[in-house]
Every structure is written in structure tokens, then in C-alpha cells.
Amino acid sequence: MKLTQSKAKDLMATITVEVKAADYSERVEKVLKDYRKTAEVPGFRKGKTPMGIINKKYRTSVIVEEVNKMLQDELYKHITAEKVRVLGSPMPIDEKPIDWENDEDFTFEYEVGLAPEFDVKITAKDKLNYYKIKADAKLVDGYCNDIAKRYGKMSNPEASVEGDLIFCTIEQLDVDGIVMDNGIKNDATVAMDYIADKKIKKQFVGVKTDDLITVNVMKAFTNHSDLGAMLNVDHAAIHNLTSEEFQFTVKNVNRLEPAELNVELFDKVYGPGAIKDEKEFKAKVKSEAETQFVGESDRMLKNDVVTYFVDKLKLAMPNEFLKRWLVQTSEQPITMEMLETEYDMYAKSLQWQLIENKILENHSIKVTQDDVLAHTKVLISAQMKQYGQPEGDDKQLTDIATNILKNEEERKKVYDQIFDERTLAVYKENFKLTEKSVSYDEFVKLASGK
């Protein structure tokens, strides 16, 4: 078997494979002999069928199968041995039909797309902003109110105000506004904050026990999954309602009374004596919020690194080859319109994959199985402390971690976490970062490109 590769042009090359009968004949004969041992042909005992009949019946299909196996093996060996940096996979060039029954020697040609040659060095000349999110007073107050509600108490006032929870019996009405005998009926709590229509929301303000409210539920609740749960029907039933008008009979008004911002609340949240007054409480909430925001800032930095290098390097790609390869290998049919719309995004994603691999290579970033096990043990230990459980010894932690990592999804999750931490560390150490303080609202606008 002879394999040659043409000189690359426009990041594409042709691999030609010449196959002689001597290359595959031994393999074919072995397969045919194995077929003979198990073949059941009328008029002959099992394993005694003449080879002439076996050849006539199976030889051509066996040649096709064995030659194709050899082609795949040889292509893989060539690409590996010659370190050919292919994109996608080799695509056969079909210039003329193959006469498998009469020809003994065959020539096959494959088109390959090649990755561009380039290097990536991150230096102080590479500059990016690092946006540090500061929790302003409005945000801190909002978080404090959320905590106060979480530790609050439920009361049952006589009449409702906006934001209350109204427990109702909900019944479907017919065209005359009468409760349907076989209509939908369910007892559920209506959260006023989730009512989309402002006029309908006002109908629930000031109501008392036994008050009746008639509502078009499709106007009131735009989230159909939530509406289905409230009516106790599946999602499909929501789109096939015989009537959208429902009667809500108020059974009870529930109001969440937030806890006061005092020492009693502070002790419940952070432990006895940890926080002395409201000022310290807000400072603690602010600190925790800003710590959580670091993850958001890091994610934005990683996204900015991707955009920076893709735009800076502008890697050439074998675009025409990749488009043909996508059309040929896609599980779902791809139209030219879809290809033109989505290809640019695909190409940029592939460019970043090449760039990132080069960064990993240059900075020797790798994650081993030992790294994954050690990191999992740290996570388990931290979780035990969080829930007040005694920390196990190293063997116990190893056993628990090993068991968790048998789950491929969990193993990948830990691997990705370590990988992200190490690549992020490289970016922070090597880019020249200008730290900029922004509010959360400003950060959201920056992240969304507004």
C-alpha cells in the first residue's frame, strides 16, 4: 500500500492511497474462510460449503469491507506519524466509480483541511480590562431584604395588598360565566408578583376571604409551565383549554412579614455574636456579594480573551473544505442558507479551539487523574465542614471521591473546573489587566454588549 500527500495549498492537501491486491488478499481470504465455517447453505453441511460458492456469494462485499478498514487505519497512521494537523476529517474525492468486482488494484484520493501554523505569546503588550463589581447601597439593601424575607413569618391579614400570596379555589367557567361541571378545578396559591397583566393584578388587591375574582388565565399568567402547575394540568392542556375564563374564590390571604434587621436575625444568619449591628450586617452582605461577583468578572475576562485573540490573530482557515465537510457529516440536513448563517460562528469557535490548545501547550497546562481526585477530596472536605459533619481521614475522603468520580458527568465537571482555574491563572498572570470598578447594573450592560 502506497500513501502520498500533496503539498498543501490554501490549507488543503490531497492524500492519495494506492492499494494493490497483495495488500488485502490475505485478510480477505481469512475472512472468507471464517465465513465458510459458519455458513449455512442449503444442500451442504455447516462448514462444508465449497469455497467457490463462498467466493461467489461474499468475496466482493468482503473486499469492500476490508479495503475500507485498511484505508481508515492507514490514513490514521499517516496523520499521526506525520503529525498532520487536520481540521474535520479526510473526505474522499469521488472522481470515478470503482469496479469492485473486476479490478484488483485501487486508487483512492482524500481531501484534507489543515490547521494554520501560528504561535501565541501573552505579554504585557496584551492589554485587557478586568471589571471588578462593587455592590452599591441599592443592591445591598435588596439582598438584606431578601434575607429578612427568608427568615420572616407568615401572617394572615384580612385584606390583601400587592405582593401577597392568595390561596384560592380555582374553577373553570363556561361561556355564560357559570362553573363548568366537568371543568378544571384546583386549590392553589396565587403569587401576585407573577401576574403579568397589570389590570388583572389590581383585581387581587384588597380582596378578602370568600371574594370572587373572574380572570382570563392566559392573559394573567404568561409562563405556561407555572400556569399548568397552578391548575394541576400538563403543559399541553394549557394550549387546549375549552375556556380561558376561571373563577378564583379567595380562601385565605397570606403575607410574608420580613424579619427585623436586629441581633436576633444576625445571630440566625451568621451565628451568635458574629454581627453586632445593622452596619456590620450590611458590610458582611456587601463583602459576600462582591466575593460571589468575582466569578462573573472572571467569566467576562475569559470571554474577552477569546474575542481578543480571535480578532488579533485572524487565523486563516480552509473555509471551503470545512463547509463541505459540515454538509457531508451533519446528522441533520444543512441548507446553504443555514451554512452561510452559522458558519462564521463555527469558524470562530474552531479558531479559538486552536488558539487555546496552543496556549495550553506553551504554558504546559494539563489536568491529571490525580489532580481530579485531589480536587474532589478538597470539595468533599469543604462540604462536610459546611454541614457541621466531622471531617473524614484521607482514606475515607479518597473512597468517597473515587465513588463520585465513577460518574463520568461528575468527573468531567471537576476536570473542567480545574482546567478553568489554571487557564484563568495564566491569563491573570500574563495579560496586562487594568482593574475597573463598576456597579452590577453597569457590568450587566458591558457583558451584554449594550
# chains A, B, ... in the order shown; residues from 1 in each chain; ligands from 1
>>> residues_around(residues="Thr209 (chain A)", least_positions_apart="6", cutoff="6 Å", atoms="only C-alpha atoms", output="count of residues only")
3
>>> residues_around(residues="Arg59 (chain A)", least_positions_apart="5", cutoff="9 Å", atoms="only C-alpha atoms", output="list in words")
Val28, Glu29, Leu32, Ile54, Val64 and Glu101 of chain A
>>> write_last_selection(atoms="N, CA and C atoms", output="short mmCIF file (atom, residue, chain, number, x, y, z; two decimals), in the first residue's frame")
data_model
loop_
_atom_site.label_atom_id
_atom_site.label_comp_id
_atom_site.auth_asym_id
_atom_site.auth_seq_id
_atom_site.Cartn_x
_atom_site.Cartn_y
_atom_site.Cartn_z
N VAL A 28 -8.64 -10.84 3.17
CA VAL A 28 -9.90 -11.27 2.55
C VAL A 28 -10.05 -12.79 2.64
N GLU A 29 -8.95 -13.52 2.34
CA GLU A 29 -9.01 -14.99 2.39
C GLU A 29 -9.34 -15.48 3.79
N LEU A 32 -13.05 -14.93 4.48
CA LEU A 32 -13.88 -15.88 3.71
C LEU A 32 -13.83 -17.28 4.32
N ILE A 54 -18.73 -19.80 -1.61
CA ILE A 54 -18.47 -18.72 -0.64
C ILE A 54 -17.90 -17.50 -1.34
N VAL A 64 -14.63 -5.02 -0.28
CA VAL A 64 -15.04 -3.64 0.02
C VAL A 64 -14.83 -3.33 1.50
N GLU A 101 -15.81 -5.59 -8.50
CA GLU A 101 -15.90 -6.99 -8.92
C GLU A 101 -14.77 -7.40 -9.87
#
>>> residues_around(residues="Asn129 (chain A)", least_positions_apart="5", cutoff="9 Å", atoms="only C-alpha atoms", output="mmCIF file with N, CA and C atoms, in the first residue's frame")
data_model
loop_
_atom_site.group_PDB
_atom_site.id
_atom_site.type_symbol
_atom_site.label_atom_id
_atom_site.label_comp_id
_atom_site.auth_asym_id
_atom_site.auth_seq_id
_atom_site.Cartn_x
_atom_site.Cartn_y
_atom_site.Cartn_z
ATOM 1 N N LEU A 301 -13.749 38.029 31.780
ATOM 2 C CA LEU A 301 -12.357 38.096 31.341
ATOM 3 C C LEU A 301 -12.068 36.988 30.330
ATOM 4 N N ASP A 304 -13.529 37.832 27.072
ATOM 5 C CA ASP A 304 -12.761 38.909 26.436
ATOM 6 C C ASP A 304 -11.453 38.379 25.842
ATOM 7 N N LYS A 432 -1.703 42.203 30.697
ATOM 8 C CA LYS A 432 -1.666 43.431 31.482
ATOM 9 C C LYS A 432 -3.114 43.850 31.701
ATOM 10 N N LEU A 433 -3.603 43.649 32.927
ATOM 11 C CA LEU A 433 -5.006 43.907 33.228
ATOM 12 C C LEU A 433 -5.176 45.251 33.928
ATOM 13 N N THR A 434 -6.120 46.016 33.451
ATOM 14 C CA THR A 434 -6.490 47.272 34.104
ATOM 15 C C THR A 434 -7.784 47.037 34.862
ATOM 16 N N GLU A 435 -7.703 47.131 36.194
ATOM 17 C CA GLU A 435 -8.892 46.870 37.008
ATOM 18 C C GLU A 435 -9.820 48.078 36.987
ATOM 19 N N LYS A 436 -11.087 47.829 36.707
ATOM 20 C CA LYS A 436 -12.084 48.895 36.673
ATOM 21 C C LYS A 436 -13.261 48.511 37.556
#
>>> select_by_dssp(residues="region 287-334 of chain A", states="helix (DSSP H, G or I)", output="PyMOL selection string")
chain A and resi 287-313+319-329
>>> write_last_selection(atoms="C-alpha atoms", output="PDB file, in the first residue's frame")
ATOM      1  CA  SER A 287     -18.480  41.535  51.165  1.00  0.00           C
ATOM      2  CA  GLU A 288     -20.209  38.229  50.381  1.00  0.00           C
ATOM      3  CA  ALA A 289     -21.907  39.684  47.311  1.00  0.00           C
ATOM      4  CA  GLU A 290     -18.639  41.054  45.926  1.00  0.00           C
ATOM      5  CA  THR A 291     -16.923  37.710  46.553  1.00  0.00           C
ATOM      6  CA  GLN A 292     -19.636  35.961  44.553  1.00  0.00           C
ATOM      7  CA  PHE A 293     -19.284  38.544  41.780  1.00  0.00           C
ATOM      8  CA  VAL A 294     -15.636  37.535  41.247  1.00  0.00           C
ATOM      9  CA  GLY A 295     -16.871  34.515  39.307  1.00  0.00           C
ATOM     10  CA  GLU A 296     -18.851  36.819  36.997  1.00  0.00           C
ATOM     11  CA  SER A 297     -15.790  39.030  36.475  1.00  0.00           C
ATOM     12  CA  ASP A 298     -13.619  36.000  35.714  1.00  0.00           C
ATOM     13  CA  ARG A 299     -16.115  34.676  33.165  1.00  0.00           C
ATOM     14  CA  MET A 300     -16.159  38.032  31.408  1.00  0.00           C
ATOM     15  CA  LEU A 301     -12.357  38.096  31.341  1.00  0.00           C
ATOM     16  CA  LYS A 302     -12.291  34.646  29.701  1.00  0.00           C
ATOM     17  CA  ASN A 303     -14.832  35.787  27.101  1.00  0.00           C
ATOM     18  CA  ASP A 304     -12.761  38.909  26.436  1.00  0.00           C
ATOM     19  CA  VAL A 305      -9.619  36.775  25.997  1.00  0.00           C
ATOM     20  CA  VAL A 306     -11.418  34.698  23.352  1.00  0.00           C
ATOM     21  CA  THR A 307     -12.567  37.785  21.443  1.00  0.00           C
ATOM     22  CA  TYR A 308      -9.138  39.434  21.798  1.00  0.00           C
ATOM     23  CA  PHE A 309      -7.120  36.571  20.311  1.00  0.00           C
ATOM     24  CA  VAL A 310      -9.611  35.594  17.595  1.00  0.00           C
ATOM     25  CA  ASP A 311      -9.633  39.227  16.401  1.00  0.00           C
ATOM     26  CA  LYS A 312      -5.879  39.718  16.830  1.00  0.00           C
ATOM     27  CA  LEU A 313      -4.625  36.550  15.114  1.00  0.00           C
ATOM     28  CA  ASN A 319     -13.207  27.517   4.757  1.00  0.00           C
ATOM     29  CA  GLU A 320     -14.460  25.860   1.574  1.00  0.00           C
ATOM     30  CA  PHE A 321     -13.296  22.449   2.778  1.00  0.00           C
ATOM     31  CA  LEU A 322     -14.876  22.931   6.200  1.00  0.00           C
ATOM     32  CA  LYS A 323     -18.192  23.975   4.664  1.00  0.00           C
ATOM     33  CA  ARG A 324     -18.272  20.849   2.501  1.00  0.00           C
ATOM     34  CA  TRP A 325     -17.257  18.722   5.481  1.00  0.00           C
ATOM     35  CA  LEU A 326     -20.039  20.164   7.656  1.00  0.00           C
ATOM     36  CA  VAL A 327     -22.648  19.479   4.969  1.00  0.00           C
ATOM     37  CA  GLN A 328     -21.387  15.930   4.445  1.00  0.00           C
ATOM     38  CA  THR A 329     -21.074  14.903   8.108  1.00  0.00           C
TER      39      THR A 329
END
>>> closest_residue(among="A:His239, A:Lys445, A:Lys385, A:Lys121", to="Val217 (chain A)", atoms="only C-alpha atoms")
A:His239
>>> closest_residue(among="A:Gly449, A:Glu74, A:Val62, A:Asp197", to="Asp34 (chain A)", atoms="only C-alpha atoms")
A:Val62
>>> residues_around(residues="Tyr440 (chain A)", least_positions_apart="3", cutoff="7 Å", atoms="only C-alpha atoms", output="PyMOL selection string")
chain A and resi 133-135+443-444
>>> select_by_dssp(residues="region 174-337 of chain A", states="strand (DSSP E or B)", output="list in words")
Val179, Lys185, Asn186, Asp187, Ala188, Thr189, Val190, Ala191, Leu212, Ile213, Thr214, Val215, Asn216, Glu245, Phe246, Gln247, Phe248, Thr249, Val250, Lys251, Asn252, Val253, Asn254, Arg255, Leu256 and Glu257 of chain A
>>> closest_residue(among="A:Lys412, A:His78, A:Arg255, A:Lys69", to="Tyr24 (chain A)", atoms="only C-alpha atoms")
A:Lys69
>>> atom_distance(atom1="CA of Ile380 (chain A)", atom2="CA of Leu360 (chain A)")
28.0 Å
>>> residues_around(residues="Pro258 (chain A)", least_positions_apart="3", cutoff="8 Å", atoms="only C-alpha atoms", output="number ranges by chain")
A: 145, 148-153
>>> write_last_selection(atoms="N, CA and C atoms", output="mmCIF file, in the first residue's frame")
data_model
loop_
_atom_site.group_PDB
_atom_site.id
_atom_site.type_symbol
_atom_site.label_atom_id
_atom_site.label_comp_id
_atom_site.auth_asym_id
_atom_site.auth_seq_id
_atom_site.Cartn_x
_atom_site.Cartn_y
_atom_site.Cartn_z
ATOM 1 N N ASN A 145 -33.018 42.720 52.280
ATOM 2 C CA ASN A 145 -34.474 42.489 52.284
ATOM 3 C C ASN A 145 -34.797 41.030 51.954
ATOM 4 N N ALA A 148 -34.145 39.070 55.020
ATOM 5 C CA ALA A 148 -35.202 39.339 56.002
ATOM 6 C C ALA A 148 -36.472 38.564 55.658
ATOM 7 N N LYS A 149 -36.784 38.466 54.370
ATOM 8 C CA LYS A 149 -37.963 37.697 53.950
ATOM 9 C C LYS A 149 -37.756 36.204 54.191
ATOM 10 N N ARG A 150 -36.532 35.753 53.939
ATOM 11 C CA ARG A 150 -36.242 34.330 54.109
ATOM 12 C C ARG A 150 -36.414 33.889 55.563
ATOM 13 N N TYR A 151 -36.133 34.797 56.468
ATOM 14 C CA TYR A 151 -36.267 34.490 57.902
ATOM 15 C C TYR A 151 -37.534 35.110 58.496
ATOM 16 N N GLY A 152 -38.429 35.580 57.615
ATOM 17 C CA GLY A 152 -39.657 36.228 58.089
ATOM 18 C C GLY A 152 -40.718 35.236 58.518
ATOM 19 N N LYS A 153 -41.873 35.785 58.889
ATOM 20 C CA LYS A 153 -43.000 34.958 59.341
ATOM 21 C C LYS A 153 -44.222 35.241 58.472
#
>>> decode(residues="region 73-88 of chain A", atoms="N, CA and C atoms", output="compact mmCIF listing (two decimals), in the first residue's frame")
# COMPACT_ATOMS: atom_id res chain seq x y z
N ASP A 73 -7.39 2.78 8.67
CA ASP A 73 -6.21 2.53 9.52
C ASP A 73 -4.99 3.27 8.99
N GLU A 74 -4.76 3.18 7.69
CA GLU A 74 -3.57 3.80 7.10
C GLU A 74 -3.64 5.32 7.14
N LEU A 75 -4.82 5.86 6.89
CA LEU A 75 -4.98 7.32 6.98
C LEU A 75 -4.67 7.80 8.39
N TYR A 76 -5.20 7.08 9.39
CA TYR A 76 -4.97 7.47 10.80
C TYR A 76 -3.48 7.37 11.13
N LYS A 77 -2.83 6.27 10.68
CA LYS A 77 -1.40 6.10 10.95
C LYS A 77 -0.59 7.22 10.32
N HIS A 78 -0.93 7.56 9.07
CA HIS A 78 -0.21 8.62 8.36
C HIS A 78 -0.36 9.97 9.06
N ILE A 79 -1.59 10.30 9.42
CA ILE A 79 -1.86 11.58 10.07
C ILE A 79 -1.13 11.66 11.41
N THR A 80 -1.10 10.54 12.14
CA THR A 80 -0.42 10.51 13.44
C THR A 80 1.09 10.57 13.28
N ALA A 81 1.64 9.72 12.40
CA ALA A 81 3.09 9.64 12.23
C ALA A 81 3.68 10.92 11.66
N GLU A 82 2.98 11.52 10.70
CA GLU A 82 3.49 12.74 10.06
C GLU A 82 3.04 14.01 10.78
N LYS A 83 2.29 13.82 11.86
CA LYS A 83 1.78 14.94 12.66
C LYS A 83 1.03 15.96 11.78
N VAL A 84 0.15 15.43 10.96
CA VAL A 84 -0.66 16.28 10.08
C VAL A 84 -1.78 16.88 10.92
N ARG A 85 -1.82 18.19 11.03
CA ARG A 85 -2.81 18.87 11.88
C ARG A 85 -4.07 19.10 11.05
N VAL A 86 -4.92 18.08 11.02
CA VAL A 86 -6.13 18.15 10.19
C VAL A 86 -7.27 18.81 10.95
N LEU A 87 -8.13 19.47 10.20
CA LEU A 87 -9.39 20.01 10.73
C LEU A 87 -10.52 19.19 10.12
N GLY A 88 -11.48 18.82 10.94
CA GLY A 88 -12.52 17.93 10.44
C GLY A 88 -11.92 16.54 10.26
